[in-house]
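Novice: This is the structure I have questions about; it appears just below.
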Protein chains: 2
Amino acid sequence: MPVLIVGSVALDNVKTPVEERTDLLGGSGSYGAVAASFFEPPQLVAVVGSDFPGTHLDYLKSRKIDLTGLQQAEGSTFRWSGEYMLDMNQRQTLSVELNVFEHFNPTLPDAYRKTPYVLLGNIAPSLQSRVLDQIETPRFVMADTMDLWITVARHDLEHLLKRLDLIVLNDMEAKLLTDQPNLIKAAHAIRKMGPRYVCIKKGEHGAMLFGDPGAGEFFSCPSFPVANLIDPTGAGDCFAGGLAGHLARGDQPVVKFAELRQAIVYGSVLASYAVESFSFERLRKLRPAEIEARYAEFQRISQF
Amino acid sequence: MPVLIVGSVALDNVKTPVEERTDLLGGSGSYGAVAASFFEPPQLVAVVGSDFPGTHLDYLKSRKIDLTGLQQAEGSTFRWSGEYMLDMNQRQTLSVELNVFEHFNPTLPDAYRKTPYVLLGNIAPSLQSRVLDQIETPRFVMADTMDLWITVARHDLEHLLKRLDLIVLNDMEAKLLTDQPNLIKAAHAIRKMGPRYVCIKKGEHGAMLFGDPGAGEFFSCPSFPVANLIDPTGAGDCFAGGLAGHLARGDQPVVKFAELRQAIVYGSVLASYAVESFSFERLRKLRPAEIEARYAEFQRISQF
């Protein structure tokens, strides 16, 4: 089943303690769609500027990503610059240039309107809602978000939350959204805001999934150990994209908790490969068999 | 099989964002021995002052802990005061009074010298070594440590590390000891310093166990989710004590990696109960069936 993904397609400048790279392909839409593409063909909704390199477009096409919903507008592509600190878990955004993203108001191609699986990647919640409005009968709607939207667009985000099956956010964002320092209490507070499932990403510490506590719907997993962490950019987007792609591949009439557990592990596997290089360098070489091998390895290292 | 545990027996003052308690039973020896006592009878090596309450002694005896090695010396019992911040993951030590611990130089009772399982709880590494010197042919030697000893007694700690089968330490301590921000690299650097196994505790984020990478000896688990976290004091000591107690219960000629995985989960289960109350309040009521139930629940929530 196809999976619709909306998000940013960006040009990134990334600085780590050992290296600096410019004009990298980045953005929540790119990372999400490429990660999902290992499981099912994604439909991408996004915008790029007239400066967007053809080689980046070629790569997205090579991943069998449907780009009918990718607008090319006059002006510059969205740009993000960030720097990672020594421990690679902290980063500082150095600059954000919205550019063509500022006036992005997507109209979905007809072929996208019946897509059952929807990943609203990390962009403004009003934009996420506008995309969701155009989908006729989505089966499972996921969204990612970030601290910025919790702070500057809380009302829009609260409105969106009521329409989601699953919200994915990190531990700091869960605390910020609920003003609750305990992550378990924070997750249940977020469930009360709308989504049936809440997934809290904890970076190198793994992820937790919360559903109906009465039905015992709780899952917690570590992250896959990455000794050679090169660039964490896009890890969260690949996590969400891998998760969404696996669910779309499953194509169940109703998404069950057991399937979500596996989807979270597949998301973690995609993220673990993404961080082994800058931008998409590792993902470009990634083979499906490597995904399954790391999934099996993940089982092995977490069983007791 | 008995398990020998050396550590502090303390009187704690603990302040959390909601409550303050004084003169609580605490210390790495007390927590470690009580946790281990749910699996095998521990032998405790420690010292208390003449002010140590008989009710605390009675509780330790009620847990079938062998107190032949617990000295009662003239003077005051070791005291620790600490305060937890709002998120309960950060704490500040307000004061430490070594008191009778300052001149503690344990001589092991004869009955302790042949004990196969040894947990050197968190005390000065020179003292840990002195206890280990007196044990004839230990089968499996574990030690816990803390940032203080890494900073002020690094040489003693390095000496001790060469004699250990397993070192247990937290993520910050592993980074401090190795000057390596990546935990996986840090763990392998510590293995090169001596111990065959390295366990890195990450508090609410679980734990990782590193052995021979060539043999695929790696294990990672989340923590058991505790929504009602009351007092984290002693969690790390209970983790180590539960781990040691489970190994002693197993009584295998050689400790295998599979057994260590399970021991880590049992340690996590004991820690998860300990933090549900101040001091030993929850552990006093804990029944063995509850431990097995939470172990089974731990499997359920981490399987995929």
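The way I read the labels, and the way they are meant: chains A, B, ... in the order of the structure tokens, residue 1 as the first residue of every chain, and ligand 1 as the first ligand shown, with later ones counted on from there.
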If you take only C-alpha atoms and a cut-off of 6 Å, which residues of chain A touch chain B, and what are their nearest atom pairs and distances in Å to one decimal, in chain and number order, as JSON lines?

Specialist:
```
{"residue": "A:Asp87", "atom": "CA", "partner": "B:Pro181", "partner_atom": "CA", "distance": 5.1}
{"residue": "A:Pro181", "atom": "CA", "partner": "B:Asp87", "partner_atom": "CA", "distance": 5.1}
{"residue": "A:Ile184", "atom": "CA", "partner": "B:Ala227", "partner_atom": "CA", "distance": 5.6}
{"residue": "A:His205", "atom": "CA", "partner": "B:His205", "partner_atom": "CA", "distance": 5.8}
{"residue": "A:Phe218", "atom": "CA", "partner": "B:Ile301", "partner_atom": "CA", "distance": 5.9}
{"residue": "A:Phe219", "atom": "CA", "partner": "B:Ile301", "partner_atom": "CA", "distance": 4.7}
{"residue": "A:Ser220", "atom": "CA", "partner": "B:Ser302", "partner_atom": "CA", "distance": 5.4}
{"residue": "A:Cys221", "atom": "CA", "partner": "B:Pro222", "partner_atom": "CA", "distance": 5.8}
{"residue": "A:Pro222", "atom": "CA", "partner": "B:Pro222", "partner_atom": "CA", "distance": 5.6}
{"residue": "A:Ala227", "atom": "CA", "partner": "B:Ile184", "partner_atom": "CA", "distance": 5.6}
{"residue": "A:Arg261", "atom": "CA", "partner": "B:Phe304", "partner_atom": "CA", "distance": 5.7}
{"residue": "A:Gln262", "atom": "CA", "partner": "B:Phe304", "partner_atom": "CA", "distance": 5.7}
{"residue": "A:Ile301", "atom": "CA", "partner": "B:Phe219", "partner_atom": "CA", "distance": 4.7}
{"residue": "A:Ser302", "atom": "CA", "partner": "B:Ser220", "partner_atom": "CA", "distance": 5.4}
{"residue": "A:Phe304", "atom": "CA", "partner": "B:Gln262", "partner_atom": "CA", "distance": 5.7}
```

Novice: Please list as a PDB file with C-alpha atoms, in the first residue's frame every residue within 10 Å of Asp147 (chain B), counting only C-alpha atoms and excluding residues in the same chain fewer than 6 positions away.

Specialist:
```pdb
ATOM      1  CA  ALA B 153      41.147   7.328  43.445  1.00  0.00           C
ATOM      2  CA  ARG B 154      41.711   6.508  39.800  1.00  0.00           C
ATOM      3  CA  LEU B 169      28.865   1.856  36.401  1.00  0.00           C
ATOM      4  CA  ASN B 170      26.567   4.501  35.044  1.00  0.00           C
ATOM      5  CA  MET B 172      28.335   9.481  33.069  1.00  0.00           C
ATOM      6  CA  GLU B 173      30.920   7.473  34.975  1.00  0.00           C
ATOM      7  CA  ALA B 174      31.829   5.413  31.904  1.00  0.00           C
ATOM      8  CA  LYS B 175      32.417   8.621  29.941  1.00  0.00           C
ATOM      9  CA  LEU B 176      34.410  10.135  32.814  1.00  0.00           C
ATOM     10  CA  LEU B 177      36.600   7.053  33.229  1.00  0.00           C
TER      11      LEU B 177
END
```

Novice: When you draw a straight line from CA of Gly241 (chain B) to CA of Val6 (chain B), how long is it in Å?

Specialist: 10.6 Å

Novice: Could you pull out all residues of region 117-193 of chain B with a DSSP call of strand (DSSP E) and give them as a count of residues only?

Specialist: 14

Novice: Could you please determine the separation between CA of Gly234 (chain B) and CA of Ser268 (chain B) in Å, to one decimal place?

Specialist: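 Straight-line distance from CA of Gly234 (chain B) to CA of Ser268 (chain B) works out to 11.9 Å.
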
Novice: Quick one: distance from CA of Leu24 (chain B) to CA of Ile65 (chain B) in Å, one decimal?

Specialist: 18.6 Å

Novice: Can you pull out every residue from region 31-175 of chain A that DSSP, working from the backbone, puts in alpha helix (DSSP H), and format the result as number ranges by chain?

Specialist: A: 31-37, 54-62, 125-133, 147-152, 154-161, 171-175

Novice: With distances taken over only C-alpha atoms, which of B:Val47, B:Ala215, B:Ile230, B:Leu166 is nearest to Glu20 (chain B)?

Specialist: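 That would be B:Ile230, the residue with the smallest distance to Glu20 (chain B).
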